[in-house]
$ cat structure_30.cif   # mmCIF, C-alpha atoms
data_protein
loop_
_atom_site.label_atom_id
_atom_site.label_comp_id
_atom_site.auth_asym_id
_atom_site.auth_seq_id
_atom_site.Cartn_x
_atom_site.Cartn_y
_atom_site.Cartn_z
CA MET A 1 53.83 -17.99 35.80
CA ARG A 2 56.80 -20.01 37.03
CA ASP A 3 54.26 -22.63 38.09
CA PHE A 4 54.10 -23.56 34.39
CA MET A 5 57.04 -25.88 33.84
CA THR A 6 55.99 -27.41 30.49
CA LEU A 7 54.13 -26.27 27.41
CA GLY A 8 51.70 -29.11 28.02
CA GLU A 9 50.71 -27.54 31.34
CA ILE A 10 49.97 -24.30 29.52
CA ALA A 11 47.87 -26.15 26.95
CA LYS A 12 45.92 -27.92 29.69
CA GLN A 13 45.22 -24.66 31.51
CA ALA A 14 43.98 -23.12 28.27
CA GLU A 15 41.56 -26.02 27.82
CA ARG A 16 40.27 -25.49 31.36
CA ASN A 17 39.80 -21.76 30.82
CA LEU A 18 37.99 -21.90 27.46
CA ASN A 19 34.43 -22.94 26.75
CA GLN A 20 33.89 -25.69 24.18
CA ASN A 21 33.19 -23.24 21.35
CA LEU A 22 36.47 -21.40 21.79
CA TRP A 23 38.46 -24.56 22.49
CA ASP A 24 37.21 -26.13 19.24
CA TYR A 25 37.82 -22.89 17.36
CA LEU A 26 41.43 -22.85 18.55
CA ARG A 27 42.25 -26.46 17.76
CA GLY A 28 40.08 -27.04 14.68
CA GLY A 29 40.49 -26.63 10.95
CA ALA A 30 38.64 -26.84 7.65
CA ASP A 31 36.30 -29.71 6.70
CA SER A 32 38.02 -33.04 7.49
CA GLU A 33 40.92 -31.20 9.19
CA ALA A 34 43.38 -33.14 7.02
CA ALA A 35 45.62 -30.08 6.69
CA VAL A 36 45.75 -29.64 10.47
CA ILE A 37 46.75 -33.29 10.80
CA ARG A 38 49.30 -33.06 7.99
CA ASN A 39 51.03 -30.12 9.65
CA ARG A 40 51.78 -32.28 12.70
CA MET A 41 52.46 -35.41 10.62
CA ALA A 42 55.00 -33.57 8.47
CA LEU A 43 56.86 -32.41 11.56
CA ALA A 44 56.75 -35.89 13.12
CA SER A 45 58.10 -37.45 9.92
CA LEU A 46 61.47 -35.72 10.35
CA ALA A 47 64.20 -37.03 12.64
CA PHE A 48 67.43 -35.36 13.73
CA ARG A 49 70.95 -36.41 12.71
CA PRO A 50 73.00 -35.02 15.61
CA LYS A 51 76.70 -34.23 15.65
CA VAL A 52 78.93 -34.87 18.67
CA LEU A 53 82.07 -33.49 20.30
CA ASN A 54 81.29 -29.90 19.43
CA ASP A 55 81.55 -27.19 22.08
CA VAL A 56 77.97 -26.27 22.98
CA SER A 57 78.71 -24.62 26.31
CA THR A 58 77.29 -21.39 24.89
CA ILE A 59 74.34 -21.51 22.52
CA ARG A 60 73.28 -18.53 20.41
CA THR A 61 69.67 -18.28 19.19
CA GLU A 62 69.35 -14.57 18.37
CA ARG A 63 68.37 -13.46 14.88
CA THR A 64 67.09 -10.33 13.19
CA LEU A 65 64.05 -9.85 10.99
CA LEU A 66 63.81 -6.67 8.94
CA GLY A 67 66.78 -5.41 10.95
CA LYS A 68 64.98 -5.88 14.28
CA PRO A 69 66.39 -8.26 16.91
CA MET A 70 64.62 -11.43 18.03
CA ARG A 71 65.71 -13.31 21.13
CA ILE A 72 64.76 -16.56 19.36
CA PRO A 73 63.73 -16.97 15.69
CA VAL A 74 60.05 -17.15 16.60
CA VAL A 75 57.40 -14.61 15.62
CA LEU A 76 53.98 -14.22 17.19
CA PRO A 77 51.78 -14.55 14.09
CA PRO A 78 48.39 -12.95 13.39
CA ILE A 79 45.40 -14.52 15.15
CA GLY A 80 42.19 -12.80 14.15
CA SER A 81 40.32 -13.73 17.30
CA VAL A 82 43.06 -13.35 19.89
CA GLN A 83 40.76 -11.06 21.89
CA GLN A 84 38.55 -14.11 22.52
CA PHE A 85 41.42 -15.70 24.43
CA HIS A 86 42.32 -12.59 26.43
CA PRO A 87 40.41 -9.28 26.55
CA GLY A 88 43.55 -7.26 25.85
CA GLY A 89 43.68 -8.71 22.34
CA GLY A 90 46.48 -7.36 20.19
CA SER A 91 47.68 -5.07 22.96
CA SER A 92 48.30 -8.11 25.17
CA VAL A 93 50.36 -9.71 22.40
CA ALA A 94 52.40 -6.50 22.09
CA GLU A 95 53.07 -6.51 25.83
CA ALA A 96 54.30 -10.10 25.71
CA ALA A 97 56.43 -9.62 22.58
CA THR A 98 58.05 -6.57 24.17
CA GLU A 99 58.79 -8.30 27.47
CA PHE A 100 60.28 -11.39 25.86
CA GLY A 101 61.95 -9.70 22.91
CA THR A 102 60.49 -10.82 19.59
CA THR A 103 58.36 -9.71 16.65
CA MET A 104 54.55 -9.73 16.52
CA ILE A 105 52.25 -9.69 13.50
CA LEU A 106 48.88 -8.10 14.23
CA SER A 107 45.77 -9.30 12.40
CA SER A 108 43.37 -6.68 11.10
CA ALA A 109 40.60 -8.83 12.63
CA CYS A 110 42.02 -8.12 16.11
CA PHE A 111 40.94 -5.64 18.70
CA PRO A 112 41.79 -2.97 19.70
CA ALA A 113 42.43 -1.02 16.50
CA PHE A 114 45.87 -1.35 14.94
CA GLU A 115 46.75 2.27 15.63
CA GLU A 116 46.13 1.70 19.35
CA VAL A 117 48.20 -1.50 19.40
CA ALA A 118 51.05 0.39 17.72
CA LYS A 119 51.41 2.49 20.88
CA VAL A 120 51.84 -0.53 23.17
CA GLY A 121 55.32 -1.72 24.04
CA ALA A 122 58.50 -1.41 22.04
CA CYS A 123 58.58 -4.67 20.10
CA SER A 124 58.88 -4.91 16.33
CA LYS A 125 55.34 -4.90 14.89
CA ILE A 126 53.98 -5.96 11.51
CA PHE A 127 50.40 -5.27 10.45
CA GLN A 128 48.48 -7.93 8.50
CA LEU A 129 45.45 -6.85 6.49
CA TYR A 130 42.42 -8.74 5.19
CA LEU A 131 41.10 -6.68 2.31
CA ALA A 132 37.58 -5.43 2.93
CA GLY A 133 37.34 -2.55 0.49
CA ASP A 134 38.58 -1.13 -2.80
CA GLN A 135 42.07 0.10 -3.65
CA ALA A 136 41.46 3.51 -2.11
CA TRP A 137 40.36 1.81 1.12
CA MET A 138 43.50 -0.34 1.11
CA ASP A 139 45.72 2.64 0.38
CA ASP A 140 44.27 4.52 3.33
CA ILE A 141 45.04 1.57 5.62
CA ILE A 142 48.60 1.28 4.33
CA GLU A 143 49.21 5.02 4.82
CA ARG A 144 47.90 4.76 8.37
CA THR A 145 50.05 1.67 8.96
CA ILE A 146 53.15 3.61 7.96
CA ALA A 147 52.13 6.62 10.04
CA ALA A 148 51.57 4.37 13.07
CA GLY A 149 55.16 3.14 12.84
CA TYR A 150 54.72 -0.50 11.82
CA ASP A 151 57.88 -2.15 10.53
CA ALA A 152 56.16 -3.99 7.66
CA PHE A 153 52.82 -4.62 5.99
CA CYS A 154 51.46 -8.13 5.38
CA LEU A 155 48.79 -9.44 3.02
CA THR A 156 47.28 -12.86 3.66
CA VAL A 157 46.80 -14.49 0.25
CA ASP A 158 45.07 -17.80 1.05
CA THR A 159 41.65 -16.51 2.14
CA SER A 160 39.77 -15.67 -1.07
CA LEU A 161 36.88 -17.76 0.22
CA TYR A 162 35.89 -18.50 3.79
CA SER A 163 36.39 -22.18 4.58
CA ARG A 164 33.97 -24.64 6.14
CA ARG A 165 35.08 -25.13 9.74
CA GLU A 166 32.78 -27.91 10.80
CA ARG A 167 33.60 -27.79 14.51
CA ASP A 168 32.01 -24.33 14.44
CA ILE A 169 29.21 -25.21 12.01
CA HIS A 170 27.96 -28.17 14.04
CA LYS A 171 27.48 -25.89 17.05
CA ARG A 172 26.32 -22.89 14.96
CA PHE A 173 29.18 -20.95 16.53
CA ILE A 174 30.26 -17.70 14.90
CA PRO A 175 33.75 -16.60 15.98
CA GLY A 176 34.25 -13.04 17.10
CA SER A 177 36.96 -12.15 14.61
CA GLY A 178 34.73 -10.08 12.39
CA ARG A 179 35.13 -12.59 9.53
CA THR A 180 31.62 -14.02 9.88
CA ALA A 181 30.66 -14.71 6.28
CA THR A 182 28.80 -17.88 5.40
CA PRO A 183 31.23 -20.75 4.75
CA GLY A 184 31.98 -20.96 1.04
CA SER A 185 31.12 -17.33 0.34
CA VAL A 186 33.55 -15.00 -1.36
CA PHE A 187 35.24 -12.14 0.41
CA ASP A 188 34.88 -9.81 -2.55
CA ALA A 189 37.99 -7.71 -1.96
CA GLN A 190 40.14 -10.70 -0.99
CA ALA A 191 38.91 -12.64 -4.03
CA ARG A 192 39.82 -9.79 -6.37
CA MET A 193 43.35 -9.49 -4.99
CA ASP A 194 45.99 -10.44 -7.58
CA TRP A 195 49.59 -9.77 -8.53
CA ASP A 196 48.59 -6.28 -9.69
CA THR A 197 47.69 -5.57 -6.06
CA VAL A 198 51.22 -6.51 -5.06
CA ALA A 199 52.71 -4.37 -7.82
CA HIS A 200 50.61 -1.37 -6.78
CA ILE A 201 51.78 -1.60 -3.15
CA LYS A 202 55.43 -1.94 -4.13
CA GLU A 203 55.24 0.93 -6.61
CA THR A 204 53.36 3.26 -4.26
CA TYR A 205 54.62 2.69 -0.73
CA ASP A 206 57.98 2.52 1.00
CA ILE A 207 57.23 -0.19 3.54
CA PRO A 208 58.42 -3.81 3.49
CA LEU A 209 55.74 -6.14 2.12
CA ILE A 210 55.07 -9.71 3.29
CA LEU A 211 52.86 -12.24 1.52
CA LYS A 212 51.47 -14.84 3.92
CA GLY A 213 50.10 -18.08 2.53
CA ILE A 214 52.69 -19.01 -0.12
CA ALA A 215 52.59 -22.77 -0.69
CA ARG A 216 54.34 -23.32 -4.06
CA ALA A 217 57.81 -22.66 -5.39
CA ASP A 218 56.56 -20.82 -8.48
CA ASP A 219 54.51 -18.43 -6.36
CA ALA A 220 57.52 -17.87 -4.11
CA THR A 221 59.66 -17.05 -7.13
CA ARG A 222 57.04 -14.67 -8.51
CA ALA A 223 56.73 -12.97 -5.12
CA VAL A 224 60.46 -12.28 -4.94
CA GLU A 225 60.49 -11.04 -8.54
CA ALA A 226 57.59 -8.71 -7.65
CA GLY A 227 59.69 -7.15 -4.89
CA VAL A 228 58.08 -8.85 -1.89
CA ASP A 229 60.36 -8.48 1.12
CA ILE A 230 59.42 -11.63 3.08
CA VAL A 231 57.85 -14.85 1.81
CA TYR A 232 55.63 -16.42 4.47
CA THR A 233 54.84 -20.10 3.96
CA SER A 234 51.57 -21.07 5.62
CA ASN A 235 48.38 -23.07 5.12
CA HIS A 236 46.51 -20.92 7.66
CA GLY A 237 46.99 -23.57 10.31
CA GLY A 238 44.93 -25.99 8.21
CA ARG A 239 41.95 -23.69 8.57
CA GLN A 240 41.44 -22.73 4.90
CA LEU A 241 42.19 -25.32 2.19
CA ASP A 242 41.50 -28.83 3.42
CA HIS A 243 44.03 -31.48 2.31
CA ALA A 244 46.80 -28.91 1.89
CA ARG A 245 50.34 -30.16 2.37
CA GLY A 246 52.02 -29.87 5.73
CA CYS A 247 53.90 -26.59 5.85
CA ILE A 248 57.30 -27.98 6.78
CA ALA A 249 56.98 -30.37 3.82
CA VAL A 250 56.51 -27.34 1.56
CA LEU A 251 59.33 -25.34 3.13
CA PRO A 252 62.36 -26.79 1.27
CA GLU A 253 60.99 -25.95 -2.18
CA ILE A 254 60.10 -22.43 -1.02
CA VAL A 255 63.59 -21.89 0.40
CA ASP A 256 65.16 -23.19 -2.83
CA ALA A 257 63.00 -20.90 -4.94
CA VAL A 258 63.75 -17.84 -2.80
CA ASP A 259 67.46 -18.73 -2.90
CA GLY A 260 68.46 -16.41 -0.08
CA ARG A 261 67.09 -13.28 -1.72
CA VAL A 262 64.57 -12.55 1.05
CA PRO A 263 63.75 -14.05 4.47
CA VAL A 264 61.30 -16.94 4.71
CA ILE A 265 58.86 -17.39 7.60
CA VAL A 266 56.95 -20.64 8.10
CA ASP A 267 54.09 -21.63 10.37
CA GLY A 268 51.68 -24.55 10.57
CA GLY A 269 51.67 -26.93 13.53
CA PHE A 270 54.85 -25.65 15.20
CA LEU A 271 54.29 -26.10 18.95
CA ARG A 272 57.59 -27.31 20.45
CA GLY A 273 61.20 -26.24 20.43
CA ALA A 274 62.18 -29.27 18.35
CA ASP A 275 59.55 -28.23 15.77
CA VAL A 276 61.13 -24.78 15.55
CA VAL A 277 64.61 -26.24 15.13
CA LYS A 278 63.38 -28.45 12.27
CA GLY A 279 62.01 -25.39 10.50
CA LEU A 280 65.28 -23.54 10.97
CA CYS A 281 67.27 -26.55 9.72
CA LEU A 282 65.25 -26.48 6.49
CA GLY A 283 65.98 -22.83 5.87
CA ALA A 284 63.33 -20.74 7.59
CA THR A 285 64.54 -17.40 8.91
CA ALA A 286 61.87 -17.52 11.60
CA VAL A 287 58.95 -19.73 12.65
CA GLY A 288 55.42 -18.66 13.58
CA THR A 289 53.70 -20.39 16.50
CA GLY A 290 50.07 -19.35 16.20
CA ARG A 291 48.27 -22.00 18.19
CA LEU A 292 50.88 -21.80 20.94
CA LEU A 293 50.14 -18.07 21.11
CA GLY A 294 46.42 -18.81 21.41
CA LEU A 295 46.99 -21.48 24.07
CA SER A 296 49.27 -19.35 26.20
CA MET A 297 47.06 -16.28 25.89
CA ALA A 298 44.06 -18.34 26.98
CA ALA A 299 46.04 -19.87 29.85
CA ALA A 300 47.33 -16.68 31.45
CA GLY A 301 47.27 -13.64 29.17
CA PRO A 302 50.50 -11.81 28.31
CA ALA A 303 52.38 -13.41 31.21
CA GLY A 304 51.39 -16.82 29.86
CA VAL A 305 52.76 -15.94 26.43
CA VAL A 306 56.07 -14.83 27.93
CA ARG A 307 56.29 -18.04 29.94
CA ALA A 308 55.50 -20.15 26.86
CA LEU A 309 58.27 -18.39 24.94
CA GLU A 310 60.69 -18.96 27.81
CA ILE A 311 59.94 -22.68 27.82
CA LEU A 312 60.14 -22.77 24.01
CA GLU A 313 63.56 -21.10 24.27
CA GLN A 314 64.69 -23.77 26.75
CA GLU A 315 63.54 -26.51 24.38
CA ILE A 316 65.35 -24.88 21.45
CA HIS A 317 68.56 -24.58 23.48
CA LEU A 318 68.38 -28.21 24.59
CA THR A 319 67.64 -29.48 21.09
CA MET A 320 70.49 -27.51 19.56
CA GLY A 321 72.93 -28.50 22.28
CA LEU A 322 72.10 -32.20 21.99
CA MET A 323 72.48 -31.91 18.23
CA GLY A 324 75.97 -30.47 18.69
CA ILE A 325 75.04 -27.07 17.27
CA ALA A 326 76.01 -23.94 19.19
CA ASP A 327 74.85 -21.25 16.74
CA VAL A 328 71.42 -20.99 15.16
CA ASP A 329 73.04 -19.96 11.90
CA ASP A 330 74.76 -23.36 11.71
CA LEU A 331 71.47 -25.27 11.52
CA CYS A 332 71.20 -26.86 8.06
CA PRO A 333 69.29 -29.53 6.10
CA ASP A 334 71.97 -32.14 6.75
CA LEU A 335 70.78 -32.29 10.37
CA VAL A 336 67.34 -33.74 9.56
CA GLU A 337 66.06 -36.64 7.48
CA ALA A 338 62.82 -38.44 6.72
CA ALA A 339 61.94 -41.08 9.30
CA PRO A 340 59.22 -43.69 9.87
CA MET A 341 56.01 -42.20 11.15
CA LEU A 342 55.23 -42.30 14.85
CA PRO A 343 51.85 -43.64 15.98
CA GLY A 344 49.02 -41.12 15.74
CA PRO A 345 46.65 -39.47 16.19
CA TYR A 346 48.02 -36.15 14.98
CA ASP A 347 46.44 -32.89 16.06
CA MET A 348 47.31 -29.87 18.16
CA MET A 349 47.36 -31.84 21.40
CA SER A 350 49.57 -34.59 19.97
CA ALA A 351 52.45 -32.20 20.62
CA PHE A 352 51.82 -32.85 24.33
CA PRO A 353 51.47 -36.66 24.57
CA LEU A 354 51.83 -36.85 28.33
CA LEU A 355 48.49 -35.09 28.78
CA ALA A 356 46.74 -38.12 27.28
CA GLN A 357 48.45 -40.24 29.92
CA GLY A 358 46.96 -38.23 32.75
CA TYR A 359 49.87 -35.90 33.59
#
$ encode --input "structure_30.cif" --output "structure tokens"
Amino acid sequence: MRDFMTLGEIAKQAERNLNQNLWDYLRGGADSEAAVIRNRMALASLAFRPKVLNDVSTIRTERTLLGKPMRIPVVLPPIGSVQQFHPGGGSSVAEAATEFGTTMILSSACFPAFEEVAKVGACSKIFQLYLAGDQAWMDDIIERTIAAGYDAFCLTVDTSLYSRRERDIHKRFIPGSGRTATPGSVFDAQARMDWDTVAHIKETYDIPLILKGIARADDATRAVEAGVDIVYTSNHGGRQLDHARGCIAVLPEIVDAVDGRVPVIVDGGFLRGADVVKGLCLGATAVGTGRLLGLSMAAAGPAGVVRALEILEQEIHLTMGLMGIADVDDLCPDLVEAAPMLPGPYDMMSAFPLLAQGY
């Protein structure tokens, strides 16, 4: 794995390893893919305001989430089809998270079953559920989640309907995540989910609850008031609502609404160390890097994920050091500002511009 010296090399190897269906599934989004583009545009529209003459001979990046240590403030978020990129699926993610030292969130659309993944490795694990049954069905899953030893339970709240992902539709490709409904159809249980669902979980179960897919300040406020333990800002990687705002553009209003009462996680287009640092500057407790997880898993399985995280850590260290910041907890909004846009195009691979130049 040391042969990979850049994240771009990992991305290129993933493209070589995947067939066109899976490559398009990994990089694509809903309809016009405007939300995918906006995620990268929003990140590119921020520039750093570095400080100088600060001692950065030692840089600290460690943080905790739900009392569990993370080597860097990066979580491996839920990817429903991760088993398409490596046959070990969620177990492979658990191996990588354990070796590197960070938190993973397992999608209920992953294989093997969540109770099997719980036995793999010693990393902090969170289980994310797509509702596919009634309240009794959900309660059974939550009870089993607690019994399996997961550190938290996560509901994804931006998937009431299945989006139109035209890269898949044009090829009549059905992804192997188990979520194979016709585009535009309603996932009945997901569509019926409401704030009463949140109240029931909080009143019934003693496990931290995360809501993933919060994209407005008022929903963030309501989540905290409902007892939610982590607010997760996400637009599903641009794969659900087309023309959604870029996630880092949403982040400041979410952080202001939460007002330090609970941690905030953000994902959506974060592929480089500088991207992560921008999210941390704007108040995120941790950043999710979903497509980077998919790329590195496709490139070389768990070892590829560990190597990607090592390179990401190097990039974070370099960015912080060159900004004059030695401690991750000293990152703040004053260190970034809006800047003129860089030339496009903007998509997943725009994070690795040298690849387009033949490197």
$ atom_distance --input "structure_30.cif" --atom1 "atom CA of Ala286 of chain A" --atom2 "atom CA of Val74 of chain A"
5.3 Å
$ closest_atom_pairs --input "structure_30.cif" --of "segment 187-299 of chain A" --to "segment 8-17 of chain A" --cutoff "9 Å" --atoms "only C-alpha atoms" --output "JSON lines"
{"residue": "A:Leu292", "atom": "CA", "partner": "A:Ala11", "partner_atom": "CA", "distance": 8.0}
{"residue": "A:Gly294", "atom": "CA", "partner": "A:Ala14", "partner_atom": "CA", "distance": 8.5}
{"residue": "A:Leu295", "atom": "CA", "partner": "A:Ala14", "partner_atom": "CA", "distance": 5.4}
{"residue": "A:Ser296", "atom": "CA", "partner": "A:Ile10", "partner_atom": "CA", "distance": 6.0}
{"residue": "A:Met297", "atom": "CA", "partner": "A:Ala14", "partner_atom": "CA", "distance": 7.9}
{"residue": "A:Ala298", "atom": "CA", "partner": "A:Ala14", "partner_atom": "CA", "distance": 5.0}
{"residue": "A:Ala299", "atom": "CA", "partner": "A:Ala14", "partner_atom": "CA", "distance": 4.2}
$ closest_residue --input "structure_30.cif" --among "A:Thr221, A:Ser107, A:Ser32, A:Thr61" --to "Gln240 of chain A" --atoms "only C-alpha atoms"
A:Ser32
$ residues_around --input "structure_30.cif" --residues "Ile210 of chain A" --least-positions-apart "5" --cutoff "8 Å" --atoms "all atoms listed in the file" --output "ChimeraX atom specification"
/A:152-155,228-232
$ resolve_selection --input "structure_30.cif" --expression "the PyMOL selection byres ((chain A and resi 312-329) around 10)" --output "MDAnalysis selection string"
chainID A and resid 6:7 48:63 71:74 271:278 280:281 283 285 292 306:311 330:332 335
$ resolve_selection --input "structure_30.cif" --expression "the PyMOL selection byres ((chain A and resi 125) around 9)" --output "ChimeraX atom specification"
/A:94,103-106,118,122-124,126-127,149-152
$ write_last_selection --input "structure_30.cif" --atoms "C-alpha atoms" --output "PDB file, keeping the file's coordinate frame"
ATOM      1  CA  ALA A  94      52.400  -6.500  22.090  1.00  0.00           C
ATOM      2  CA  THR A 103      58.360  -9.710  16.650  1.00  0.00           C
ATOM      3  CA  MET A 104      54.550  -9.730  16.520  1.00  0.00           C
ATOM      4  CA  ILE A 105      52.250  -9.690  13.500  1.00  0.00           C
ATOM      5  CA  LEU A 106      48.880  -8.100  14.230  1.00  0.00           C
ATOM      6  CA  ALA A 118      51.050   0.390  17.720  1.00  0.00           C
ATOM      7  CA  ALA A 122      58.500  -1.410  22.040  1.00  0.00           C
ATOM      8  CA  CYS A 123      58.580  -4.670  20.100  1.00  0.00           C
ATOM      9  CA  SER A 124      58.880  -4.910  16.330  1.00  0.00           C
ATOM     10  CA  ILE A 126      53.980  -5.960  11.510  1.00  0.00           C
ATOM     11  CA  PHE A 127      50.400  -5.270  10.450  1.00  0.00           C
ATOM     12  CA  GLY A 149      55.160   3.140  12.840  1.00  0.00           C
ATOM     13  CA  TYR A 150      54.720  -0.500  11.820  1.00  0.00           C
ATOM     14  CA  ASP A 151      57.880  -2.150  10.530  1.00  0.00           C
ATOM     15  CA  ALA A 152      56.160  -3.990   7.660  1.00  0.00           C
TER      16      ALA A 152
END
$ resolve_selection --input "structure_30.cif" --expression "the PyMOL selection byres ((chain A and resi 249) around 10)" --output "VMD selection string"
chain A and resid 38 to 39 41 to 43 45 to 46 215 245 to 248 250 to 254 279 282
$ closest_residue --input "structure_30.cif" --among "A:Met349, A:Ala30, A:Ala97, A:Cys110" --to "Phe85 of chain A" --atoms "all atoms listed in the file"
A:Cys110
$ closest_residue --input "structure_30.cif" --among "A:Val224, A:Leu131, A:Ile142, A:Ile37" --to "Arg192 of chain A" --atoms "all atoms listed in the file"
A:Leu131
$ atom_distance --input "structure_30.cif" --atom1 "atom CA of Pro87 of chain A" --atom2 "atom CA of Ala300 of chain A"
11.3 Å
$ closest_residue --input "structure_30.cif" --among "A:Asn235, A:Gln83, A:Thr98, A:Gln128" --to "Pro69 of chain A" --atoms "all atoms listed in the file"
A:Thr98
$ closest_residue --input "structure_30.cif" --among "A:Pro333, A:Ser108, A:Ile201, A:Gly101" --to "Glu143 of chain A" --atoms "only C-alpha atoms"
A:Ile201
$ atom_distance --input "structure_30.cif" --atom1 "atom CA of Val287 of chain A" --atom2 "atom CA of Ser234 of chain A"
10.3 Å
$ closest_residue --input "structure_30.cif" --among "A:Gly358, A:Ala147, A:Thr159, A:Pro175" --to "Asp206 of chain A" --atoms "only C-alpha atoms"
A:Ala147
$ residues_near_point --input "structure_30.cif" --point "(37.2, -13.8, 0.7)" --cutoff "7 Å" --atoms "all atoms listed in the file" --output "compact mmCIF listing (two decimals) with C-alpha atoms, in the frame of the given file"
# COMPACT_ATOMS: atom_id res chain seq x y z
CA THR A 159 41.65 -16.51 2.14
CA SER A 160 39.77 -15.67 -1.07
CA LEU A 161 36.88 -17.76 0.22
CA TYR A 162 35.89 -18.50 3.79
CA VAL A 186 33.55 -15.00 -1.36
CA PHE A 187 35.24 -12.14 0.41
CA ASP A 188 34.88 -9.81 -2.55
CA ALA A 189 37.99 -7.71 -1.96
CA GLN A 190 40.14 -10.70 -0.99
CA ALA A 191 38.91 -12.64 -4.03
